[in-house]
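Working notes for the structure below.
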Amino acid sequence: MTDNVVLFNEIKTAGGQRFAVATLNAPASLNALSVDMVRLLTPKLREWAADAGIVGVLLDAAGEKAFCAGGDLRQLYQTLLDCGPARNTYAEDFFREEYELDHLIHTFPKPFLCWGHGIVMGGGVGLLAGASHRVMTLQSRIAMPEINIGLYPDVGGSWFLRRTPGRTGLFLALTAANINAHDTIFCGLADVLVPQERKGAVIEAIASTQWAGGDAKADRATLSRILAQAGEGAEMPASKVREHYDTINALMAGDDLLDIAKRLRDVQSDDAWLQTASKTFTKGAPSSIALSFELWQRVPRMSLAEVFRLEYWASLGFCANKDFAEGIRAVLVDKDRNPRWNPATLEEITPAFVEDHLRPRGEMPAELASLT
């Protein structure tokens, strides 16, 4: 059926095994990750993990514009209006199921190739980050733009942004800065640049390869060689993160968010990328900035599973407070780009406000409680 939001296929390989393919299939919405997509992907990935005849997985997307431009928040938005600070069972399911899928990709027992062509934002970065092999193309554009909608970089962002060089991850979280293939690879969020026009050759190489099957480590090495060969000779675009690495670390230095905020607001640079980062931070939700920084400080010694459990409470906390709904309204619904944040400034945010976003709301779902 061509109207399915995820298409499933298999590549037959030289040794008689199969390489599974899952294709996000909602190009009109830039393949925004929906609950329906998640509910198709999770059981299928579990099935493939257990199938001895499947040697690896390719996750890609239909269309040329985007791999995945983020989560599909429109249905969630209506529940935020309806529930307010009360319990929101749709939001509980939404975040639980998305994080369960993201964790499954991070811990998948076989080679997992994610083809991150075009726009990759928010929930799309959550899918990409956990893959064992993460491909960028020359058209890849990556961002975690959650401060624009009154959220924070979730989908494991608290974990993987903490592991980028220096304080580049904190900078990406607080500025929603757009980055390219070179930036993403430099930050450790992707692995290799392969021109989009060579994707067919990669699939042909996967098909013509004799895979080990029972030896995932050997198969990961084989896939790495295929991708390295496909990327040979491709010229990397210039990296703004690399160019401004020292400046980024200086801007993000220290343990006082108000110090960081002052430096970011006062950026003096002729570079348009840095200017945009400063302006985006200044317009971003103070609640998003404060919680992003709090999570940055909390997670260094936490496991990935622990981070997903903490993010679950944080996301429900954002649903119970006002900025998330207001941000979706301003950016995705009314599109006036004029959100009215509450609190309106970082200086107004109290420790109690931050803690309210992170406190447990009910019982931890068994599916997340059991993650290891």
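Simple scheme: letters A, B, ... for chains in structure tokens order, numbers from 1 for residues in each chain, numbers from 1 for ligands in the order shown.
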Note to self: Taking 4 positions as the minimum chain separation for residues in the same chain, which residues sit within 7 Å of stretch 270-286 of chain A when counting only C-alpha atoms? Answer as a ChimeraX atom specification.
What the structure shows: /A:147-148,150,174-177,264-265,290,341,343-346
Which polymer residues have any atom within 6 Å of an atom of A:Phe67, counting only C-alpha atoms, with same-chain residues fewer than 2 positions away left out, as a CSV table (one decimal) with N, CA and C atoms, in the first residue's frame?
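Below you can see selection.csv, which holds the result:
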chain,number,residue,atom,x,y,z
A,61,ALA,N,14.0,7.8,4.0
A,61,ALA,CA,12.8,8.5,3.9
A,61,ALA,C,12.4,8.8,2.4
A,116,GLY,N,20.5,10.1,6.4
A,116,GLY,CA,20.0,11.4,6.9
A,116,GLY,C,20.1,12.5,5.8
A,117,HIS,N,19.4,12.3,4.7
A,117,HIS,CA,19.4,13.3,3.6
A,117,HIS,C,18.4,14.4,3.8
A,118,GLY,N,18.8,15.6,3.5
A,118,GLY,CA,17.9,16.7,3.6
A,118,GLY,C,17.7,17.2,5.0
A,119,ILE,N,16.5,17.7,5.4
A,119,ILE,CA,16.3,18.2,6.7
A,119,ILE,C,16.2,17.1,7.7
A,120,VAL,N,16.9,17.3,8.8
A,120,VAL,CA,16.9,16.4,9.9
A,120,VAL,C,16.8,17.2,11.2
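Shell of A:Val5 at 12 Å, with only C-alpha atoms counted and residues fewer than 3 places along the chain excluded, is Met1, Thr2, Phe8, Ala22, Thr23, Leu24, Asn25, Ala26, Pro27, Ala28, Ser29, Leu30, Asn31, Ala32, Leu33, Ser34, Val35, Asp36, Met37, Val38, Arg39, Leu40, Leu41, Ala61 and Ala62 of chain A.
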Next item on the list: Show which residues sit within 10 Å of stretch 74-80 of chain A, as a ChimeraX atom specification. Count only C-alpha atoms, and ignore same-chain residues fewer than 6 positions away.
Entry: /A:34-35,86-91,94,318-322,324-329,332-333
Note to self: I'd like the contact shell of A:Asp215 - 12 Å cut-off, only C-alpha atoms, skipping same-chain residues fewer than 2 positions apart - returned as number ranges by chain.
What the structure shows: A: 52, 54-56, 109-111, 211-213, 217-222
Let me see the file: selected residues, all heavy atoms, as a JSON list (two decimals), in the first residue's frame.
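File written: out_2.json
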[["chain", "number", "residue", "atom", "x", "y", "z"],
["A", 52, "ALA", "N", 17.03, -14.25, 12.24],
["A", 52, "ALA", "CA", 18.42, -14.58, 11.92],
["A", 52, "ALA", "C", 18.75, -14.33, 10.46],
["A", 52, "ALA", "O", 19.92, -14.18, 10.09],
["A", 52, "ALA", "CB", 18.68, -16.05, 12.26],
["A", 54, "ILE", "N", 17.87, -11.68, 8.77],
["A", 54, "ILE", "CA", 18.08, -10.24, 8.56],
["A", 54, "ILE", "C", 19.45, -9.87, 9.12],
["A", 54, "ILE", "O", 19.72, -10.08, 10.30],
["A", 54, "ILE", "CB", 16.98, -9.41, 9.26],
["A", 54, "ILE", "CG1", 15.61, -9.70, 8.65],
["A", 54, "ILE", "CG2", 17.31, -7.91, 9.22],
["A", 54, "ILE", "CD1", 15.42, -9.15, 7.25],
["A", 55, "VAL", "N", 20.30, -9.28, 8.28],
["A", 55, "VAL", "CA", 21.67, -8.97, 8.72],
["A", 55, "VAL", "C", 21.86, -7.50, 9.07],
["A", 55, "VAL", "O", 22.88, -7.12, 9.66],
["A", 55, "VAL", "CB", 22.71, -9.39, 7.65],
["A", 55, "VAL", "CG1", 22.72, -10.89, 7.49],
["A", 55, "VAL", "CG2", 22.42, -8.70, 6.31],
["A", 56, "GLY", "N", 20.91, -6.65, 8.71],
["A", 56, "GLY", "CA", 21.03, -5.23, 9.02],
["A", 56, "GLY", "C", 19.77, -4.50, 8.60],
["A", 56, "GLY", "O", 18.86, -5.07, 8.00],
["A", 109, "PRO", "N", 20.84, -4.75, 17.78],
["A", 109, "PRO", "CA", 21.96, -5.70, 17.82],
["A", 109, "PRO", "C", 22.63, -5.96, 16.48],
["A", 109, "PRO", "O", 23.57, -6.75, 16.41],
["A", 109, "PRO", "CB", 21.28, -6.98, 18.32],
["A", 109, "PRO", "CG", 19.87, -6.88, 17.83],
["A", 109, "PRO", "CD", 19.53, -5.41, 17.90],
["A", 110, "LYS", "N", 22.16, -5.32, 15.42],
["A", 110, "LYS", "CA", 22.72, -5.53, 14.08],
["A", 110, "LYS", "C", 23.07, -4.18, 13.47],
["A", 110, "LYS", "O", 22.64, -3.15, 13.97],
["A", 110, "LYS", "CB", 21.69, -6.27, 13.21],
["A", 110, "LYS", "CG", 21.27, -7.62, 13.76],
["A", 110, "LYS", "CD", 20.13, -8.24, 12.97],
["A", 110, "LYS", "CE", 19.70, -9.56, 13.59],
["A", 110, "LYS", "NZ", 18.58, -10.21, 12.85],
["A", 111, "PRO", "N", 23.84, -4.18, 12.38],
["A", 111, "PRO", "CA", 24.13, -2.90, 11.72],
["A", 111, "PRO", "C", 22.85, -2.13, 11.40],
["A", 111, "PRO", "O", 21.89, -2.70, 10.87],
["A", 111, "PRO", "CB", 24.85, -3.34, 10.44],
["A", 111, "PRO", "CG", 25.46, -4.66, 10.77],
["A", 111, "PRO", "CD", 24.50, -5.32, 11.72],
["A", 211, "TRP", "N", 27.33, -11.27, 3.72],
["A", 211, "TRP", "CA", 27.34, -10.83, 5.11],
["A", 211, "TRP", "C", 27.59, -12.01, 6.05],
["A", 211, "TRP", "O", 27.20, -13.14, 5.76],
["A", 211, "TRP", "CB", 26.03, -10.13, 5.45],
["A", 211, "TRP", "CG", 25.80, -8.90, 4.63],
["A", 211, "TRP", "CD1", 25.20, -8.82, 3.42],
["A", 211, "TRP", "CD2", 26.24, -7.58, 4.95],
["A", 211, "TRP", "NE1", 25.22, -7.53, 2.94],
["A", 211, "TRP", "CE2", 25.84, -6.73, 3.87],
["A", 211, "TRP", "CE3", 26.90, -7.00, 6.03],
["A", 211, "TRP", "CZ2", 26.10, -5.37, 3.85],
["A", 211, "TRP", "CZ3", 27.15, -5.64, 6.00],
["A", 211, "TRP", "CH2", 26.76, -4.84, 4.93],
["A", 212, "ALA", "N", 28.23, -11.72, 7.19],
["A", 212, "ALA", "CA", 28.53, -12.77, 8.16],
["A", 212, "ALA", "C", 27.27, -13.31, 8.83],
["A", 212, "ALA", "O", 27.19, -14.49, 9.16],
["A", 212, "ALA", "CB", 29.52, -12.25, 9.21],
["A", 213, "GLY", "N", 26.31, -12.44, 9.05],
["A", 213, "GLY", "CA", 25.06, -12.89, 9.67],
["A", 213, "GLY", "C", 25.14, -12.97, 11.17],
["A", 213, "GLY", "O", 24.68, -12.08, 11.87],
["A", 217, "LYS", "N", 29.57, -7.61, 14.75],
["A", 217, "LYS", "CA", 30.76, -6.74, 14.72],
["A", 217, "LYS", "C", 31.41, -6.77, 13.34],
["A", 217, "LYS", "O", 31.78, -5.73, 12.78],
["A", 217, "LYS", "CB", 31.76, -7.19, 15.79],
["A", 217, "LYS", "CG", 32.98, -6.29, 15.89],
["A", 217, "LYS", "CD", 33.97, -6.77, 16.94],
["A", 217, "LYS", "CE", 33.45, -6.54, 18.34],
["A", 217, "LYS", "NZ", 34.48, -6.87, 19.37],
["A", 218, "ALA", "N", 31.53, -7.95, 12.76],
["A", 218, "ALA", "CA", 32.11, -8.07, 11.43],
["A", 218, "ALA", "C", 31.23, -7.38, 10.39],
["A", 218, "ALA", "O", 31.72, -6.71, 9.47],
["A", 218, "ALA", "CB", 32.30, -9.54, 11.06],
["A", 219, "ASP", "N", 29.93, -7.52, 10.53],
["A", 219, "ASP", "CA", 29.01, -6.90, 9.57],
["A", 219, "ASP", "C", 29.03, -5.37, 9.69],
["A", 219, "ASP", "O", 28.89, -4.66, 8.69],
["A", 219, "ASP", "CB", 27.60, -7.44, 9.76],
["A", 219, "ASP", "CG", 27.44, -8.83, 9.17],
["A", 219, "ASP", "OD1", 28.29, -9.23, 8.35],
["A", 219, "ASP", "OD2", 26.46, -9.53, 9.52],
["A", 220, "ARG", "N", 29.19, -4.86, 10.90],
["A", 220, "ARG", "CA", 29.30, -3.40, 11.06],
["A", 220, "ARG", "C", 30.56, -2.89, 10.36],
["A", 220, "ARG", "O", 30.54, -1.83, 9.72],
["A", 220, "ARG", "CB", 29.31, -3.02, 12.54],
["A", 220, "ARG", "CG", 27.96, -3.18, 13.23],
["A", 220, "ARG", "CD", 27.95, -2.55, 14.62],
["A", 220, "ARG", "NE", 26.69, -2.82, 15.30],
["A", 220, "ARG", "CZ", 26.51, -3.74, 16.23],
["A", 220, "ARG", "NH1", 27.53, -4.50, 16.63],
["A", 220, "ARG", "NH2", 25.32, -3.92, 16.78],
["A", 221, "ALA", "N", 31.65, -3.65, 10.49],
["A", 221, "ALA", "CA", 32.90, -3.25, 9.82],
["A", 221, "ALA", "C", 32.73, -3.28, 8.30],
["A", 221, "ALA", "O", 33.22, -2.39, 7.58],
["A", 221, "ALA", "CB", 34.04, -4.16, 10.25],
["A", 222, "THR", "N", 32.02, -4.28, 7.80],
["A", 222, "THR", "CA", 31.77, -4.37, 6.36],
["A", 222, "THR", "C", 30.95, -3.19, 5.87],
["A", 222, "THR", "O", 31.27, -2.58, 4.84],
["A", 222, "THR", "CB", 31.02, -5.69, 6.04],
["A", 222, "THR", "OG1", 31.86, -6.79, 6.40],
["A", 222, "THR", "CG2", 30.68, -5.79, 4.57]]
